[in-house]
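Below is input-v2.txt, which holds compact mmCIF, C-alpha atoms.
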```txt
# COMPACT_ATOMS: atom_id res chain seq x y z
CA MET G 8 -10.00 13.68 -18.97
CA ASN G 9 -6.46 14.92 -18.25
CA ASP G 10 -3.42 12.67 -17.78
CA GLU G 11 -3.58 12.68 -13.97
CA ALA G 12 -7.29 11.77 -14.03
CA ILE G 13 -6.58 8.92 -16.45
CA ARG G 14 -3.74 7.79 -14.17
CA LYS G 15 -5.92 7.70 -11.08
CA GLN G 16 -9.30 6.70 -12.50
CA ASN G 17 -8.57 4.01 -15.05
CA THR G 18 -9.72 0.50 -14.22
CA PHE G 19 -6.62 -1.43 -15.33
CA GLY G 20 -6.26 -2.95 -11.86
CA ARG G 21 -9.84 -4.22 -11.82
CA ASP G 22 -9.52 -5.42 -15.42
CA PHE G 23 -6.38 -7.31 -14.40
CA LEU G 24 -8.05 -9.06 -11.46
CA THR G 25 -11.07 -9.95 -13.63
CA TRP G 26 -8.75 -11.32 -16.32
CA LEU G 27 -6.95 -13.39 -13.63
CA CYS G 28 -10.29 -14.97 -12.64
CA TYR G 29 -10.81 -15.94 -16.28
CA LYS G 30 -7.28 -17.27 -16.84
CA THR G 31 -7.06 -19.28 -13.65
CA ASP G 32 -10.43 -20.92 -14.36
CA GLU G 33 -9.58 -21.59 -18.01
CA HIS G 34 -6.28 -23.26 -17.15
CA ALA G 35 -7.28 -24.93 -13.89
CA GLY G 36 -4.93 -22.64 -11.96
CA LYS G 37 -1.85 -23.29 -14.08
CA MET G 38 -0.19 -20.11 -15.27
CA GLU G 39 2.78 -19.72 -17.56
CA LEU G 40 4.78 -16.62 -18.35
CA PRO G 41 6.79 -16.04 -21.55
CA SER G 42 9.91 -16.13 -19.33
CA GLY G 43 9.16 -19.83 -18.81
CA GLU G 44 7.95 -19.45 -15.23
CA ASN G 45 5.24 -21.95 -14.33
CA PHE G 46 3.11 -21.62 -11.26
CA PHE G 47 -0.38 -22.11 -9.88
CA LEU G 48 -2.74 -19.29 -9.00
CA TRP G 49 -6.14 -19.50 -7.37
CA ILE G 50 -8.72 -17.19 -5.90
CA ASP G 51 -8.33 -18.06 -2.22
CA GLY G 52 -11.71 -17.77 -0.57
CA LYS G 53 -12.45 -14.09 -1.05
CA ILE G 54 -13.39 -11.79 -3.91
CA VAL G 55 -15.24 -8.48 -4.16
CA MET G 56 -16.93 -7.70 -7.49
CA GLU G 57 -18.14 -4.18 -8.18
CA ASP G 58 -19.82 -2.13 -10.87
CA ASP G 59 -18.80 1.46 -10.14
CA ARG G 60 -20.73 2.97 -13.03
CA ALA G 61 -23.71 3.31 -10.72
CA ALA G 62 -23.82 5.63 -7.71
CA PRO G 63 -23.48 4.20 -5.14
CA PRO G 64 -21.41 1.38 -6.70
CA ASN G 65 -23.16 -1.95 -6.96
CA SER G 66 -20.98 -4.57 -5.32
CA VAL G 67 -21.11 -8.18 -4.24
CA SER G 68 -18.67 -9.96 -1.96
CA TYR G 69 -17.99 -13.69 -1.87
CA THR G 70 -16.10 -15.31 0.98
CA GLY G 71 -15.37 -18.80 2.22
CA ASP G 72 -15.89 -21.98 0.22
CA ASP G 73 -19.45 -21.32 -0.84
CA PHE G 74 -18.84 -19.45 -4.09
CA THR G 75 -17.88 -20.87 -7.46
CA ASN G 76 -16.61 -19.55 -10.76
CA GLN G 77 -20.23 -19.40 -11.85
CA ASP G 78 -20.87 -16.72 -9.23
CA ILE G 79 -17.93 -14.71 -10.58
CA LYS G 80 -19.16 -15.14 -14.15
CA LEU G 81 -22.64 -14.01 -13.16
CA ALA G 82 -21.17 -10.87 -11.60
CA VAL G 83 -19.05 -10.15 -14.71
CA ARG G 84 -22.10 -10.66 -16.95
CA SER G 85 -23.94 -8.02 -14.93
CA GLY G 86 -21.12 -5.52 -15.60
CA LYS G 87 -19.08 -6.01 -12.43
CA LYS G 88 -15.31 -6.31 -12.29
CA ALA G 89 -13.12 -7.71 -9.52
CA ARG G 90 -12.21 -4.90 -7.10
CA GLU G 91 -10.14 -7.04 -4.75
CA ALA G 92 -9.35 -10.70 -4.32
CA ARG G 93 -7.45 -12.96 -2.00
CA LEU G 94 -5.00 -14.89 -4.15
CA ARG G 95 -2.86 -17.94 -3.60
CA ILE G 96 0.22 -18.52 -5.73
CA GLU G 97 2.27 -21.70 -5.59
CA HIS G 98 5.61 -21.53 -7.32
CA GLY G 99 8.11 -24.30 -6.64
CA GLU G 100 8.64 -24.41 -2.90
CA ASN G 101 7.14 -20.95 -2.40
CA THR G 102 3.52 -20.29 -1.53
CA TRP G 103 2.09 -16.81 -1.21
CA THR G 104 -1.38 -15.88 0.01
CA PHE G 105 -2.38 -12.24 -0.02
CA THR G 106 -5.13 -9.78 -0.89
CA LEU G 107 -4.66 -7.68 -4.00
CA ARG G 108 -6.70 -4.49 -4.34
CA GLY G 109 -7.00 -3.62 -8.01
CA ASP G 110 -7.57 0.12 -7.87
CA ARG G 111 -4.17 0.95 -6.43
CA MET G 112 -2.45 -2.42 -6.76
CA GLU G 113 -2.07 -2.60 -3.02
CA LEU G 114 -1.03 -5.86 -1.51
CA SER G 115 -2.06 -6.75 2.01
CA GLY G 116 -2.02 -9.65 4.44
CA LEU G 117 0.86 -11.40 2.68
CA LYS G 118 1.80 -14.47 4.67
CA ILE G 119 5.46 -15.35 4.49
CA ASP G 120 6.22 -18.84 5.77
CA MET G 121 9.90 -19.12 6.48
CA PRO G 122 12.00 -21.29 8.73
CA LYS G 123 13.37 -19.51 11.79
CA ALA G 124 16.34 -17.40 10.74
CA ALA G 125 19.69 -17.54 12.52
CA ASP G 126 20.04 -13.75 12.65
CA LYS G 127 18.35 -10.50 11.63
CA ASP G 128 20.12 -10.31 8.26
CA GLU G 129 19.05 -13.82 7.28
CA GLN G 130 15.52 -12.96 8.33
CA PHE G 131 15.58 -9.75 6.29
CA PHE G 132 17.01 -11.26 3.11
CA GLY G 133 14.71 -14.30 3.30
CA ARG G 134 11.63 -12.13 3.55
CA ILE G 135 12.62 -9.44 1.03
CA MET G 136 13.59 -12.08 -1.56
CA CYS G 137 10.19 -13.66 -1.06
CA ILE G 138 8.46 -10.30 -1.56
CA GLU G 139 10.59 -9.33 -4.58
CA SER G 140 9.94 -12.73 -6.21
CA LEU G 141 6.22 -12.22 -5.77
CA ASN G 142 6.41 -8.71 -7.25
CA ILE G 143 8.28 -10.10 -10.28
CA LEU G 144 5.60 -12.77 -10.80
CA LEU G 145 2.79 -10.22 -10.45
CA ASP G 146 4.52 -7.82 -12.86
CA GLY G 147 4.91 -10.70 -15.33
CA LEU G 148 1.23 -11.54 -15.03
CA TYR G 149 0.26 -7.90 -15.40
CA THR G 150 2.35 -7.59 -18.57
CA GLU G 151 0.68 -10.75 -19.92
CA PHE G 152 -2.70 -9.25 -19.19
CA LEU G 153 -1.79 -6.00 -21.00
CA MET G 154 -0.35 -7.90 -23.97
CA ASP G 155 -3.53 -9.93 -24.15
CA VAL G 156 -6.35 -7.42 -23.72
CA HIS G 157 -4.61 -4.47 -25.38
CA SER G 158 -3.61 -6.41 -28.49
CA GLU G 159 -5.39 -6.40 -31.83
CA GLN G 160 -6.00 -10.11 -31.32
CA TRP G 161 -8.16 -9.39 -28.29
CA LYS G 162 -10.80 -7.77 -30.47
CA GLU G 163 -10.67 -10.54 -33.04
CA LYS G 164 -10.12 -13.60 -30.89
CA GLY G 165 -9.52 -12.95 -27.19
CA PHE G 166 -12.81 -11.21 -26.49
CA ARG G 167 -14.75 -14.02 -28.18
CA GLN G 168 -12.91 -16.61 -26.09
CA PHE G 169 -13.63 -14.60 -22.98
CA GLN G 170 -17.34 -14.52 -23.91
CA LYS G 171 -17.29 -18.25 -24.47
CA TRP G 172 -15.87 -18.71 -20.95
CA LEU G 173 -18.41 -16.29 -19.55
CA LYS G 174 -21.32 -18.22 -21.04
CA ALA G 175 -20.01 -21.70 -20.28
CA ALA G 176 -21.75 -23.57 -17.47
CA MET D 18 5.95 -3.59 10.44
CA GLY D 19 6.02 -6.48 7.99
CA LEU D 20 9.58 -6.33 6.77
CA TYR D 21 10.95 -8.51 9.57
CA THR D 22 7.92 -10.15 11.15
CA GLY D 23 4.25 -10.91 10.68
CA SER D 24 2.15 -10.67 7.57
CA ALA D 25 3.16 -7.94 5.13
CA SER D 26 1.04 -5.19 3.59
CA TYR D 27 2.83 -2.81 1.29
CA VAL D 28 2.66 -0.15 -1.39
CA ARG D 29 5.22 0.15 -4.17
CA TYR D 30 6.93 3.43 -5.03
CA ARG D 31 9.68 4.49 -7.38
CA LEU D 32 12.11 7.37 -7.06
CA ILE D 33 11.21 10.13 -9.49
CA ASP D 34 14.40 12.11 -8.75
CA ASP D 35 17.86 10.60 -9.12
CA PRO D 36 19.67 10.08 -5.81
CA PRO D 37 23.31 11.23 -5.46
CA GLU D 38 26.01 8.86 -6.67
CA ARG D 39 27.34 8.19 -3.17
CA VAL D 40 23.92 7.08 -2.05
CA LYS D 41 25.01 5.16 1.05
CA GLU D 42 26.78 8.13 2.63
CA PHE D 43 23.91 10.38 1.56
CA ALA D 44 21.32 8.08 3.17
CA LEU D 45 23.36 7.77 6.38
CA GLU D 46 23.59 11.55 6.70
CA LYS D 47 19.87 12.09 6.06
CA LEU D 48 18.71 9.22 8.29
CA LYS D 49 20.79 10.67 11.09
CA GLU D 50 19.59 14.23 10.48
CA PHE D 51 15.93 13.23 10.30
CA SER D 52 15.99 10.49 12.92
CA PHE D 53 13.15 10.17 15.38
CA ARG D 54 13.14 12.32 18.50
CA GLU D 55 10.97 11.47 21.50
CA ILE D 56 8.30 13.92 22.57
CA GLU D 57 9.47 15.28 25.90
CA ALA D 58 7.13 14.92 28.86
CA GLY D 59 5.45 18.13 29.99
CA THR D 60 5.77 19.82 26.57
CA LEU D 61 2.93 20.77 24.26
CA ASN D 62 4.27 18.85 21.25
CA GLU D 63 1.52 16.64 19.91
CA LYS D 64 3.40 14.83 17.18
CA SER D 65 6.88 13.67 16.32
CA ALA D 66 8.06 11.77 13.24
CA GLY D 67 11.42 10.42 12.16
CA TRP D 68 13.50 7.47 11.04
CA VAL D 69 14.40 4.62 13.38
CA SER D 70 16.20 1.34 12.90
CA ALA D 71 14.00 -1.33 11.27
CA GLU D 72 15.53 -3.85 13.64
CA ASN D 73 14.81 -1.91 16.81
CA MET D 74 12.27 0.92 17.03
CA ALA D 75 14.00 2.36 20.09
CA SER D 76 17.27 2.77 18.17
CA THR D 77 17.34 6.23 16.66
CA PHE D 78 21.11 6.55 16.26
CA PHE D 79 22.26 6.13 12.69
CA ASP D 80 25.96 6.14 13.54
CA ASP D 81 26.78 3.10 11.44
CA LEU D 82 25.60 1.43 8.22
CA HIS D 83 23.41 -1.21 9.88
CA PHE D 84 20.49 -0.04 7.67
CA SER D 85 22.45 -0.94 4.52
CA LYS D 86 21.89 -4.49 3.33
CA GLU D 87 23.25 -4.59 -0.20
CA PRO D 88 21.50 -3.62 -2.40
CA TYR D 89 18.79 -2.52 0.03
CA PHE D 90 18.37 0.12 2.70
CA ALA D 91 16.01 -0.97 5.46
CA PHE D 92 14.71 1.49 8.04
CA SER D 93 11.41 2.50 9.62
CA LEU D 94 9.32 5.60 9.94
CA ARG D 95 8.13 6.14 13.50
CA ILE D 96 5.32 8.56 14.19
CA ASP D 97 4.31 9.30 17.78
CA VAL D 98 1.08 11.17 18.34
CA ARG D 99 -0.45 12.42 21.56
CA ARG D 100 -4.22 12.30 21.44
CA VAL D 101 -6.66 13.49 24.06
CA PRO D 102 -9.65 11.13 24.24
CA GLY D 103 -12.91 12.98 23.52
CA LEU D 104 -14.61 11.81 26.69
CA ALA D 105 -11.63 12.79 28.86
CA MET D 106 -11.70 16.25 27.27
CA LYS D 107 -15.44 16.56 27.90
CA ALA D 108 -15.15 15.51 31.56
CA ALA D 109 -12.22 17.88 32.23
CA MET D 110 -14.01 20.74 30.52
CA LEU D 111 -17.19 20.26 32.58
CA ARG D 112 -15.13 20.18 35.76
CA GLU D 113 -13.23 23.36 34.82
CA GLU D 114 -16.41 25.16 33.78
CA ILE D 115 -17.94 24.56 37.22
CA LYS D 116 -14.75 25.80 38.87
CA TYR D 117 -14.61 28.88 36.61
CA LYS D 118 -18.26 29.81 37.26
CA LYS D 119 -17.76 29.43 41.02
CA ASN D 120 -14.65 31.62 41.04
CA SER D 121 -16.03 34.30 38.72
CA GLY D 122 -19.58 34.35 40.00
CA LEU D 123 -20.88 34.08 36.44
CA GLU D 124 -23.80 31.78 35.61
CA VAL D 125 -23.04 31.55 31.89
CA LEU D 126 -19.63 31.60 30.26
CA ARG D 127 -19.05 33.97 27.33
CA LYS D 128 -18.01 32.22 24.12
CA LYS D 129 -14.58 33.88 24.21
CA ASP D 130 -13.93 32.74 27.79
CA ARG D 131 -15.23 29.27 27.04
CA ASP D 132 -12.89 28.90 24.01
CA LEU D 133 -9.94 30.11 26.10
CA LEU D 134 -10.77 27.68 28.90
CA LYS D 135 -11.18 24.85 26.41
CA GLU D 136 -7.71 25.49 24.97
CA GLN D 137 -6.17 25.62 28.47
CA VAL D 138 -7.84 22.32 29.39
CA ARG D 139 -6.73 20.71 26.12
CA GLN D 140 -3.12 21.81 26.65
CA GLU D 141 -3.10 20.46 30.20
CA LEU D 142 -4.38 17.10 28.99
CA VAL D 143 -1.89 17.01 26.08
CA LYS D 144 0.98 17.54 28.54
CA ARG D 145 -0.22 14.59 30.62
CA SER D 146 -1.06 12.17 27.80
CA LEU D 147 1.36 9.50 26.63
CA PRO D 148 2.44 9.49 22.97
CA ALA D 149 1.10 6.54 20.96
CA PRO D 150 3.78 5.26 18.56
CA THR D 151 3.15 3.81 15.10
CA LEU D 152 5.85 2.18 13.05
CA PHE D 153 6.13 1.62 9.30
CA ASP D 154 8.96 -0.28 7.63
CA VAL D 155 10.65 1.03 4.51
CA CYS D 156 12.79 -0.94 2.07
CA TRP D 157 14.72 0.95 -0.62
CA ASN D 158 16.23 -1.06 -3.45
CA THR D 159 19.19 1.07 -4.52
CA VAL D 160 19.67 -0.79 -7.81
CA THR D 161 16.12 -0.43 -9.15
CA ASN D 162 15.36 2.71 -7.07
CA SER D 163 12.05 1.13 -6.11
CA ILE D 164 10.78 1.50 -2.58
CA LEU D 165 8.37 -0.58 -0.54
CA PHE D 166 6.40 1.13 2.20
CA PHE D 167 4.85 -1.36 4.57
CA SER D 168 1.38 0.05 5.10
CA THR D 169 -1.64 0.48 2.88
CA SER D 170 -3.18 3.20 5.07
CA ALA D 171 -3.82 6.34 2.98
CA ALA D 172 -2.85 8.64 5.87
CA ALA D 173 0.37 6.74 6.60
CA ASN D 174 1.34 6.77 2.91
CA GLU D 175 0.73 10.50 2.72
CA GLU D 176 2.93 11.05 5.81
CA PHE D 177 5.64 8.82 4.35
CA VAL D 178 5.82 10.57 0.95
CA GLY D 179 6.00 13.97 2.67
CA TRP D 180 8.60 12.89 5.24
CA PHE D 181 10.73 11.10 2.63
CA PHE D 182 10.85 14.26 0.53
CA ARG D 183 11.63 16.40 3.57
CA ALA D 184 14.45 14.11 4.63
CA PHE D 185 16.05 13.10 1.33
CA GLY D 186 14.82 15.87 -0.99
CA LEU D 187 13.72 13.16 -3.44
CA LYS D 188 10.25 12.81 -4.90
CA LEU D 189 8.47 9.47 -4.77
CA GLY D 190 5.87 8.27 -7.26
CA ARG D 191 3.37 5.63 -6.24
CA LEU D 192 3.13 2.77 -8.73
CA LEU D 193 -0.53 2.70 -9.67
CA PRO D 194 -1.85 0.25 -12.33
CA TYR D 195 -1.44 3.00 -14.94
CA ASP D 196 2.24 3.47 -14.01
CA LEU D 197 2.89 -0.27 -14.02
CA ALA D 198 1.39 -0.37 -17.52
CA GLY D 199 3.86 2.36 -18.52
CA VAL D 200 6.76 0.34 -17.08
CA ALA D 201 5.57 -2.74 -19.03
CA ALA D 202 5.24 -0.71 -22.25
CA GLU D 203 8.81 0.57 -21.82
CA LYS D 204 10.09 -3.01 -21.67
CA HIS D 205 7.93 -4.38 -24.50
CA SER D 206 8.05 -2.26 -27.63
CA GLY D 207 5.05 -4.04 -29.20
CA LEU D 208 2.77 -3.18 -26.30
CA GLU D 209 0.35 -0.32 -26.93
CA ILE D 210 -1.96 0.69 -24.13
CA HIS D 211 -5.46 1.67 -25.21
CA PHE D 212 -7.90 3.86 -23.34
CA PRO D 213 -10.49 3.60 -21.98
CA SER D 214 -10.23 0.36 -20.03
CA VAL D 215 -11.40 -3.00 -21.31
CA SER D 216 -15.05 -3.96 -21.48
CA PHE D 217 -15.63 -7.62 -20.70
CA THR D 218 -19.25 -7.60 -21.79
CA ASN D 219 -21.04 -6.82 -25.04
CA GLU D 220 -22.39 -3.48 -23.77
```

Take the structure in this file and express it as structure tokens.
Amino acid sequence: MNDEAIRKQNTFGRDFLTWLCYKTDEHAGKMELPSGENFFLWIDGKIVMEDDRAAPPNSVSYTGDDFTNQDIKLAVRSGKKAREARLRIEHGENTWTFTLRGDRMELSGLKIDMPKAADKDEQFFGRIMCIESLNILLDGLYTEFLMDVHSEQWKEKGFRQFQKWLKAA
Amino acid sequence: MGLYTGSASYVRYRLIDDPPERVKEFALEKLKEFSFREIEAGTLNEKSAGWVSAENMASTFFDDLHFSKEPYFAFSLRIDVRRVPGLAMKAAMLREEIKYKKNSGLEVLRKKDRDLLKEQVRQELVKRSLPAPTLFDVCWNTVTNSILFFSTSAAANEEFVGWFFRAFGLKLGRLLPYDLAGVAAEKHSGLEIHFPSVSFTNE
């Protein structure tokens, strides 16, 4: 596989979303970054799990309030990874809800709740700050994910802990 | 849309090429040069693309620095396309075929004549159809040289990358998970990225 194929076809984005499902369940939504940032993250009523090793890909979609972490675990056990998920992040006074698509790290349907701005500039800076803050949090989480699953400790410890979570009722 | 109102959907890019030092003046010149121009009624132009103000899609005059909001540049890509609905094309073609057969006395049209007639009908309909505008916000952070394009549509992103290069002469790279991993590895010397991707099961 050449560099461009690796760039476009790797599953880092799906691995990241799957890892987020694990972390948020393990810590009851509470996330902490090495920078000291604390916030809450949940899967917000929608997730698509897919195993793309088969043709056509084998996928399952959960929406609404009727699915649990056990459904996600069952999908992971059968070889699926999270392709996209609707996430909710609460950080201080900010709340973001949006859909993250793992394959291309696309973010859609981001709701930005802001008080009515006095002018266009206030509106612009309020919204772009909100977006930039979210990108910083997501980048921090992504780095955490890489540090975790691409470390030597993952093989020795992390993977076993993940399996324990996967098997837990 | 999304930068000023409504819910936001966006794709992250970074500048691969370095912009000129006097980036504000450079951007003003290029935004003006590649600003949006309306498709004139009665012409055969089917598409027009260009930059407009992010605050007002009808404002195509970049004669001041209203797009500059330190350290950001905010503007929009407007693409107007004239499309002839398939059914309208079919109806007009049937009507013209009847007329052509009556005038020429022919019962069956030759393929060459039919193709010529079809193109004439299409051009007539294009001239009469109204352009449908689409608008995509762009936000360029001039400190980090990262750019947000407010659409996740593959076609719109392709148009944007091409138009951005045409206007500014600067290449954009989309930040895919692989690229974000590279950015993280640059910041954290202890981070080594392994391939292939992670397996979460014992397979």

May I ask you to extract the residues of chain D within 7 Å of chain G, using all atoms listed in the file, and to give them as number ranges by chain?
D: 20-21, 24-28, 169, 193-195, 201, 208-211, 214-215, 218

Looking at all atoms listed in the file, which of D:Ser206, D:Asn174, D:Asn162, D:Gln140 is the one that sits closest to Glu63 in chain D?
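Counting all atoms listed in the file, the residue closest to Glu63 in chain D is D:Gln140.
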
Using all atoms listed in the file, collect all residues at a distance of at most 7 Å from (19.7, 1.3, 13.8) as written in the file, then present them as an MDAnalysis selection string.
chainID D and resid 69:73 76:79 83:84

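Between CA of Leu48 in chain D and CA of Asp34 in chain D lies a distance of 17.8 Å.
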
Would you mind listing what lies within 9 Å of Leu152 in chain D as a PDB file with C-alpha atoms, keeping the file's coordinate frame, with only C-alpha atoms counted and same-chain residues fewer than 6 positions away left out?
```pdb
ATOM      1  CA  MET D  18       5.950  -3.590  10.440  1.00  0.00           C
ATOM      2  CA  VAL D  69      14.400   4.620  13.380  1.00  0.00           C
ATOM      3  CA  MET D  74      12.270   0.920  17.030  1.00  0.00           C
ATOM      4  CA  SER D  93      11.410   2.500   9.620  1.00  0.00           C
ATOM      5  CA  LEU D  94       9.320   5.600   9.940  1.00  0.00           C
ATOM      6  CA  ARG D  95       8.130   6.140  13.500  1.00  0.00           C
ATOM      7  CA  ILE D  96       5.320   8.560  14.190  1.00  0.00           C
ATOM      8  CA  ASP D  97       4.310   9.300  17.780  1.00  0.00           C
TER       9      ASP D  97
END
```

Which residues, written as a ChimeraX atom specification, have at least one atom at most 8 Å from range 45-54 of chain G, with all atoms listed in the file counted and residues fewer than 2 positions away on the same chain left out?
/G:28,31,36-40,43,56,68-72,89-99,104

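CA of Arg99 in chain D sits 20.8 Å away from CA of Asp132 in chain D.
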
Report, in Å to a single decimal, how far apart CA of Ser216 in chain D and CA of Ala176 in chain G are.
21.1 Å

I'd like the contact shell of Gly179 in chain D - 12 Å cut-off, only C-alpha atoms, skipping same-chain residues fewer than 6 positions apart - returned as number ranges by chain.
D: 66-67, 94, 172-173, 185-190

Quick one: residues within 10 Å of Lys135 in chain D, all atoms listed in the file, excluding same-chain residues fewer than 6 positions away - as a ChimeraX atom specification?
/D:106-107,109-111,113-114,129,141

Using all atoms of range 130-149 of chain D listed in the file and a margin of 4 Å per side, can you give the axis-aligned box centre and edge lengths in Å to one decimal, as lines of an AutoDock Vina configuration file?
```
center_x = -6.4
center_y = 19.6
center_z = 25.8
size_x = 25.7
size_y = 34.2
size_z = 17.7
```

Contact residues around Ala175 in chain G with only C-alpha atoms at 12 Å, ignoring same-chain residues under 5 positions, as a ChimeraX atom specification:
/G:29,32-33,76-77,80-81,84,168-170
